[in-house]
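Trainee: Sharing run28.cif here; it has mmCIF, C-alpha atoms.
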```
data_entry
#
loop_
_atom_site.label_atom_id
_atom_site.label_comp_id
_atom_site.auth_asym_id
_atom_site.auth_seq_id
_atom_site.Cartn_x
_atom_site.Cartn_y
_atom_site.Cartn_z
CA MET A 1 -52.45 -105.55 98.34
CA THR A 2 -51.38 -104.49 101.84
CA LYS A 3 -48.29 -102.31 102.25
CA ILE A 4 -46.36 -101.51 105.42
CA VAL A 5 -45.41 -97.83 105.55
CA GLY A 6 -43.90 -95.45 108.07
CA GLY A 7 -46.23 -93.66 110.44
CA GLU A 8 -45.36 -90.32 108.86
CA GLN A 9 -47.25 -91.43 105.73
CA LEU A 10 -50.48 -91.18 107.69
CA GLY A 11 -49.98 -87.54 108.61
CA GLU A 12 -51.46 -87.45 112.12
CA LEU A 13 -51.18 -90.70 114.08
CA SER A 14 -54.20 -89.59 116.12
CA GLN A 15 -56.24 -90.68 113.08
CA LEU A 16 -55.64 -94.23 114.30
CA GLN A 17 -58.04 -93.77 117.23
CA ALA A 18 -61.02 -95.18 115.35
CA VAL A 19 -58.96 -98.19 114.24
CA ALA A 20 -57.72 -98.75 117.81
CA GLU A 21 -61.28 -98.66 119.12
CA SER A 22 -62.44 -101.12 116.45
CA ILE A 23 -59.68 -103.55 117.52
CA PHE A 24 -59.66 -103.14 121.30
CA GLY A 25 -63.01 -101.48 122.03
CA ARG A 26 -63.77 -98.04 123.45
CA GLY A 27 -64.41 -99.13 127.03
CA GLN A 28 -64.69 -96.20 129.43
CA ARG A 29 -61.96 -94.14 127.80
CA GLN A 30 -62.42 -90.39 127.79
CA PRO A 31 -62.65 -88.28 124.59
CA GLY A 32 -59.20 -87.62 123.13
CA TRP A 33 -57.68 -90.61 124.94
CA PHE A 34 -55.66 -91.76 121.94
CA ARG A 35 -53.89 -88.44 121.35
CA ARG A 36 -53.11 -88.33 125.08
CA LYS A 37 -51.66 -91.85 124.86
CA LEU A 38 -49.44 -90.87 121.93
CA THR A 39 -48.13 -87.83 123.78
CA ARG A 40 -47.44 -89.60 127.06
CA ALA A 41 -45.69 -92.52 125.36
CA GLY A 42 -43.59 -90.21 123.18
CA VAL A 43 -44.72 -92.06 120.05
CA GLU A 44 -42.80 -90.97 116.95
CA PRO A 45 -44.22 -91.44 113.43
CA GLY A 46 -40.69 -92.09 112.16
CA LEU A 47 -40.36 -95.12 114.46
CA SER A 48 -43.88 -96.47 113.90
CA ALA A 49 -45.42 -98.68 111.22
CA VAL A 50 -48.87 -98.69 109.60
CA ALA A 51 -50.40 -101.38 107.36
CA MET A 52 -52.40 -99.87 104.50
CA GLN A 53 -54.65 -101.47 101.90
CA GLY A 54 -55.36 -98.62 99.55
CA ASP A 55 -56.66 -95.87 101.83
CA GLU A 56 -57.76 -98.31 104.54
CA VAL A 57 -55.68 -98.84 107.68
CA GLN A 58 -55.31 -102.55 108.44
CA GLY A 59 -53.08 -102.28 111.50
CA TYR A 60 -50.26 -100.48 113.24
CA ALA A 61 -47.24 -100.84 115.53
CA LEU A 62 -46.43 -97.75 117.58
CA LEU A 63 -42.96 -97.01 118.98
CA GLY A 64 -41.81 -94.11 121.12
CA ARG A 65 -38.67 -92.60 122.55
CA VAL A 66 -38.46 -92.50 126.37
CA ALA A 67 -35.25 -91.04 127.74
CA SER A 68 -35.45 -92.98 131.01
CA LEU A 69 -35.27 -96.27 129.05
CA GLY A 70 -32.02 -95.31 127.34
CA SER A 71 -31.41 -97.49 124.27
CA ILE A 72 -34.80 -99.24 124.48
CA ALA A 73 -37.56 -98.07 122.13
CA ARG A 74 -40.89 -98.36 123.96
CA GLY A 75 -43.87 -99.86 122.15
CA ALA A 76 -47.27 -98.24 122.65
CA GLY A 77 -49.41 -100.87 120.98
CA VAL A 78 -49.71 -103.35 118.12
CA GLY A 79 -53.08 -104.01 116.52
CA VAL A 80 -54.54 -105.57 113.35
CA VAL A 81 -58.18 -105.24 112.29
CA GLU A 82 -60.15 -108.48 112.51
CA ALA A 83 -60.60 -108.93 108.75
CA ALA A 84 -56.84 -108.78 108.16
CA ARG A 85 -55.69 -111.19 110.87
CA GLY A 86 -53.94 -114.48 110.19
CA ARG A 87 -51.81 -113.11 107.34
CA GLY A 88 -48.65 -112.23 109.29
CA LEU A 89 -49.36 -108.50 109.43
CA GLY A 90 -48.56 -108.21 113.12
CA ARG A 91 -45.10 -109.68 112.61
CA ALA A 92 -44.52 -107.54 109.50
CA LEU A 93 -45.46 -104.38 111.41
CA ILE A 94 -43.11 -105.18 114.28
CA ASP A 95 -40.27 -106.08 111.90
CA PHE A 96 -40.73 -102.79 110.02
CA ALA A 97 -40.76 -100.76 113.24
CA SER A 98 -37.79 -102.76 114.57
CA GLU A 99 -35.71 -101.87 111.54
CA ARG A 100 -36.54 -98.21 111.97
CA ALA A 101 -35.61 -98.36 115.66
CA ARG A 102 -32.34 -100.12 114.84
CA ALA A 103 -31.49 -97.48 112.23
CA ALA A 104 -32.21 -94.78 114.85
CA GLY A 105 -29.64 -96.34 117.19
CA PHE A 106 -31.83 -98.32 119.58
CA ALA A 107 -30.54 -101.66 120.90
CA SER A 108 -33.95 -103.24 121.60
CA ILE A 109 -37.70 -102.69 121.48
CA GLN A 110 -40.15 -103.28 124.33
CA PHE A 111 -43.90 -103.84 124.49
CA LEU A 112 -46.47 -104.62 127.18
CA ALA A 113 -48.20 -107.96 126.55
CA GLU A 114 -51.40 -109.21 128.14
CA PRO A 115 -51.15 -112.85 129.30
CA GLU A 116 -53.21 -114.15 126.37
CA ARG A 117 -50.83 -112.42 123.93
CA LEU A 118 -47.57 -113.46 125.58
CA ASP A 119 -47.04 -116.59 123.45
CA TRP A 120 -47.52 -114.54 120.29
CA TYR A 121 -44.79 -112.10 121.33
CA LEU A 122 -42.48 -114.95 122.33
CA GLY A 123 -43.01 -116.36 118.84
CA GLN A 124 -41.76 -113.05 117.37
CA GLY A 125 -38.44 -113.32 119.20
CA PHE A 126 -39.32 -111.39 122.36
CA ILE A 127 -38.45 -112.49 125.87
CA SER A 128 -40.41 -111.67 129.03
CA VAL A 129 -38.33 -109.44 131.32
CA ASP A 130 -40.91 -108.59 134.00
CA ALA A 131 -44.41 -109.48 135.16
CA GLN A 132 -46.51 -106.48 136.19
CA LEU A 133 -49.80 -106.02 137.99
CA SER A 134 -52.43 -103.31 138.20
CA LEU A 135 -54.06 -103.03 141.64
CA LEU A 136 -57.40 -101.43 142.44
CA GLY A 137 -58.64 -99.92 145.69
CA PHE A 138 -61.02 -97.08 146.56
CA GLY A 139 -60.91 -93.82 148.43
CA LEU A 140 -61.77 -94.05 152.12
CA GLY A 141 -63.19 -90.54 152.45
CA ARG A 142 -61.72 -87.40 153.96
CA GLU A 143 -61.89 -86.39 157.58
CA GLN A 144 -63.49 -83.02 158.30
CA GLY A 145 -61.18 -80.23 157.17
CA GLU A 146 -58.88 -82.56 155.23
CA PRO A 147 -58.14 -81.13 151.77
CA PRO A 148 -59.03 -83.35 148.80
CA VAL A 149 -56.55 -84.54 146.24
CA THR A 150 -56.90 -82.14 143.33
CA ALA A 151 -55.12 -82.02 140.01
CA ALA A 152 -52.12 -79.70 140.02
CA ALA A 153 -48.69 -79.69 138.44
CA GLY A 154 -47.06 -80.88 141.66
CA ALA A 155 -43.41 -81.25 142.55
CA ARG A 156 -40.67 -82.82 140.48
CA LEU A 157 -40.27 -86.58 140.63
CA GLY A 158 -38.15 -87.88 143.47
CA PRO A 159 -35.08 -90.12 143.14
CA ALA A 160 -36.05 -93.34 144.95
CA PRO A 161 -39.51 -94.67 144.10
CA LEU A 162 -41.02 -97.85 145.48
CA TRP A 163 -42.55 -98.30 142.06
CA SER A 164 -42.76 -96.08 139.03
CA TRP A 165 -44.25 -96.05 135.58
CA PHE A 166 -41.78 -94.48 133.17
CA PRO A 167 -41.47 -90.97 134.65
CA GLU A 168 -42.13 -89.22 131.35
CA ALA A 169 -45.74 -90.47 131.53
CA TRP A 170 -46.34 -88.19 134.52
CA GLU A 171 -44.30 -85.31 133.13
CA ARG A 172 -46.13 -85.40 129.78
CA THR A 173 -49.58 -85.44 131.38
CA PRO A 174 -51.26 -82.00 131.30
CA ALA A 175 -50.74 -80.10 134.57
CA ASN A 176 -54.47 -80.00 135.26
CA GLU A 177 -54.63 -83.81 135.21
CA ARG A 178 -51.76 -84.68 137.57
CA ALA A 179 -50.93 -84.23 141.23
CA GLN A 180 -48.12 -84.79 143.72
CA VAL A 181 -49.43 -85.52 147.22
CA GLU A 182 -47.58 -85.45 150.55
CA VAL A 183 -49.13 -87.70 153.20
CA GLU A 184 -48.02 -89.45 156.34
CA HIS A 185 -45.19 -91.91 155.59
CA GLY A 186 -44.40 -90.53 152.13
CA ARG A 187 -45.58 -89.02 148.89
CA ALA A 188 -47.28 -90.14 145.71
CA TRP A 189 -47.53 -88.96 142.11
CA LEU A 190 -50.97 -89.37 140.53
CA THR A 191 -52.73 -88.72 137.26
CA ARG A 192 -56.44 -88.45 136.54
CA GLU A 193 -57.70 -91.36 134.42
CA GLY A 194 -61.44 -90.77 133.96
CA ARG A 195 -63.00 -91.13 137.45
CA ALA A 196 -59.91 -92.83 138.86
CA TRP A 197 -56.64 -91.61 140.32
CA LEU A 198 -53.69 -93.61 138.99
CA VAL A 199 -50.80 -93.84 141.46
CA HIS A 200 -47.89 -94.57 139.19
CA ARG A 201 -45.09 -93.46 141.50
CA ALA A 202 -44.68 -93.53 145.29
CA GLU A 203 -41.87 -92.96 147.80
CA LEU A 204 -41.51 -93.53 151.52
CA SER A 205 -40.46 -90.50 153.56
CA ALA A 206 -37.96 -92.38 155.73
CA ALA A 207 -36.48 -95.79 156.38
CA GLY A 208 -38.91 -97.89 158.36
CA SER A 209 -41.98 -96.10 157.01
CA SER A 210 -44.86 -98.39 156.11
CA VAL A 211 -46.05 -98.91 152.53
CA SER A 212 -49.45 -99.96 153.83
CA GLU A 213 -49.79 -96.85 156.01
CA LEU A 214 -48.64 -94.64 153.15
CA MET A 215 -51.39 -95.96 150.88
CA LEU A 216 -54.02 -95.85 153.62
CA ALA A 217 -53.14 -92.21 154.29
CA LEU A 218 -53.44 -91.46 150.58
CA ARG A 219 -56.82 -93.19 150.33
CA ARG A 220 -58.06 -91.10 153.27
CA ARG A 221 -57.48 -88.01 151.11
CA ILE A 222 -59.67 -89.40 148.32
CA ASP A 223 -63.47 -89.45 148.32
CA VAL A 224 -65.29 -92.71 148.95
CA THR A 225 -66.07 -94.77 145.80
CA THR A 226 -63.34 -93.00 143.79
CA PRO A 227 -61.16 -95.72 142.22
CA VAL A 228 -57.46 -95.70 143.16
CA VAL A 229 -55.24 -97.67 140.78
CA VAL A 230 -51.64 -98.68 141.54
CA TYR A 231 -49.51 -99.29 138.43
CA PRO A 232 -47.03 -100.72 137.64
CA CYS A 233 -46.65 -103.18 140.48
CA SER A 234 -44.02 -105.88 140.00
CA ALA A 235 -45.48 -109.32 140.62
CA ASP A 236 -42.58 -110.13 142.97
CA ALA A 237 -42.54 -106.82 144.88
CA ALA A 238 -41.71 -107.30 148.56
CA TRP A 239 -44.54 -104.96 149.59
CA LEU A 240 -47.26 -106.51 147.39
CA GLU A 241 -48.77 -108.55 150.21
CA ALA A 242 -49.06 -105.42 152.36
CA LEU A 243 -51.13 -103.69 149.66
CA LEU A 244 -53.35 -106.72 149.14
CA ALA A 245 -53.92 -106.96 152.88
CA SER A 246 -54.85 -103.27 153.07
CA GLY A 247 -57.73 -103.46 150.59
CA PHE A 248 -56.24 -103.49 147.09
CA GLU A 249 -56.89 -106.29 144.61
CA VAL A 250 -55.21 -107.40 141.39
CA VAL A 251 -57.33 -106.38 138.39
CA GLN A 252 -54.89 -106.79 135.51
CA ARG A 253 -51.73 -108.75 134.73
CA SER A 254 -49.23 -108.07 131.97
CA HIS A 255 -45.71 -108.89 130.85
CA VAL A 256 -42.95 -106.55 129.75
CA VAL A 257 -41.47 -108.18 126.64
CA ARG A 258 -38.27 -107.14 124.89
CA ARG A 259 -36.53 -108.01 121.62
CA SER A 260 -32.91 -107.22 120.79
CA LEU A 261 -32.07 -105.38 117.56
CA PRO A 262 -28.84 -106.79 116.12
CA PHE A 263 -26.56 -104.31 114.39
#
```
Can you dump the structure from the file as structure tokens?
Mentor:
Amino acid sequence: MTKIVGGEQLGELSQLQAVAESIFGRGQRQPGWFRRKLTRAGVEPGLSAVAMQGDEVQGYALLGRVASLGSIARGAGVGVVEAARGRGLGRALIDFASERARAAGFASIQFLAEPERLDWYLGQGFISVDAQLSLLGFGLGREQGEPPVTAAAGARLGPAPLWSWFPEAWERTPANERAQVEVEHGRAWLTREGRAWLVHRAELSAAGSSVSELMLALRRRIDVTTPVVVYPCSADAAWLEALLASGFEVVQRSHVVRRSLPF
């Protein structure tokens, strides 16, 4: 018999890494990636749900607290092992976590859904509130004497980003894996993700500055062949065409989905 229990019953949620890899694959993730994910997303065991059959984990729904989202509890993943699918465990996990979030005072919960999973989330009472893209480009190589982008704590986040992942993701990344870079036309906040630099926040330095020139200047600070990822990029962003025209391409699409928690 499968039981849904609170995440605190598992002890350390980082134990779920092996289950996550069995569901979604390891890919090119670095060692310790799951613990890093939990920290950056602010996942709380008391908001999360785990499906257990005896001592075996059958699935999970992870929820975190992100101050910048206010009364929205942010989901950090839902997964069910292949052998346990088709029995309603995904819905049961989300319902359990939703009740915990409601009891903690949240007004809604939010997850990131890949296109092939969108209909499933809509069937659980979620609505799509935004379509997001991940863009990929590459470093253009540094001119002689130009300093490379190197990981460092960097400056505090600015007030007016063109785009931004939830700011706590950058703040909760270890100082030796993040950087804040000043270039012509603006500045960018980056984190190291394996070989790649992830640009998950950027600002123009002045009105009339060019988004395309900002990103070209940044890429000139990064070695050739080093991947440069822009995330999250709204699918209807006014500057999207400028990035596509300057050498970036769409490599992933997703939907932000949200479900209200009635009191």
Trainee: Please identify all polymer residues within 12 Å of A:Val57, counting all atoms listed in the file, omitting same-chain residues fewer than 2 positions from it, and present them as a PyMOL selection string.
Mentor: chain A and resi 1-5+7+9-10+13+15-20+22-23+49-55+59-61+79-84+89
Trainee: So which residues fall inside 10 Å of (-50.2, -114.2, 116.1) if we count all atoms listed in the file? Mind giving them as a PyMOL selection string?
Mentor: chain A and resi 85-91+117-124
Trainee: Which residue gives the smallest distance to A:Leu135 among A:Gly11, A:Gly6, A:Gly75, A:Pro227, with all atoms listed in the file counted?
Mentor: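 Among the listed residues, the smallest separation from A:Leu135 belongs to A:Pro227.
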Trainee: Pick the closest to A:Arg258 from A:Arg74, A:Arg142, A:Arg29, A:Arg35: which is it, counting all atoms listed in the file?
Mentor: A:Arg74
Trainee: For stretch 213-217 of chain A, list every protein, DNA or RNA residue within 12 Å, evaluated using all atoms listed in the file, and leave out those in the same chain fewer than 3 positions away; present the list as an MDAnalysis selection string.
Mentor: chainID A and resid 135:143 146 148:149 162 181:189 199 201:206 208:210 220:222 228:230 239:240 242:248
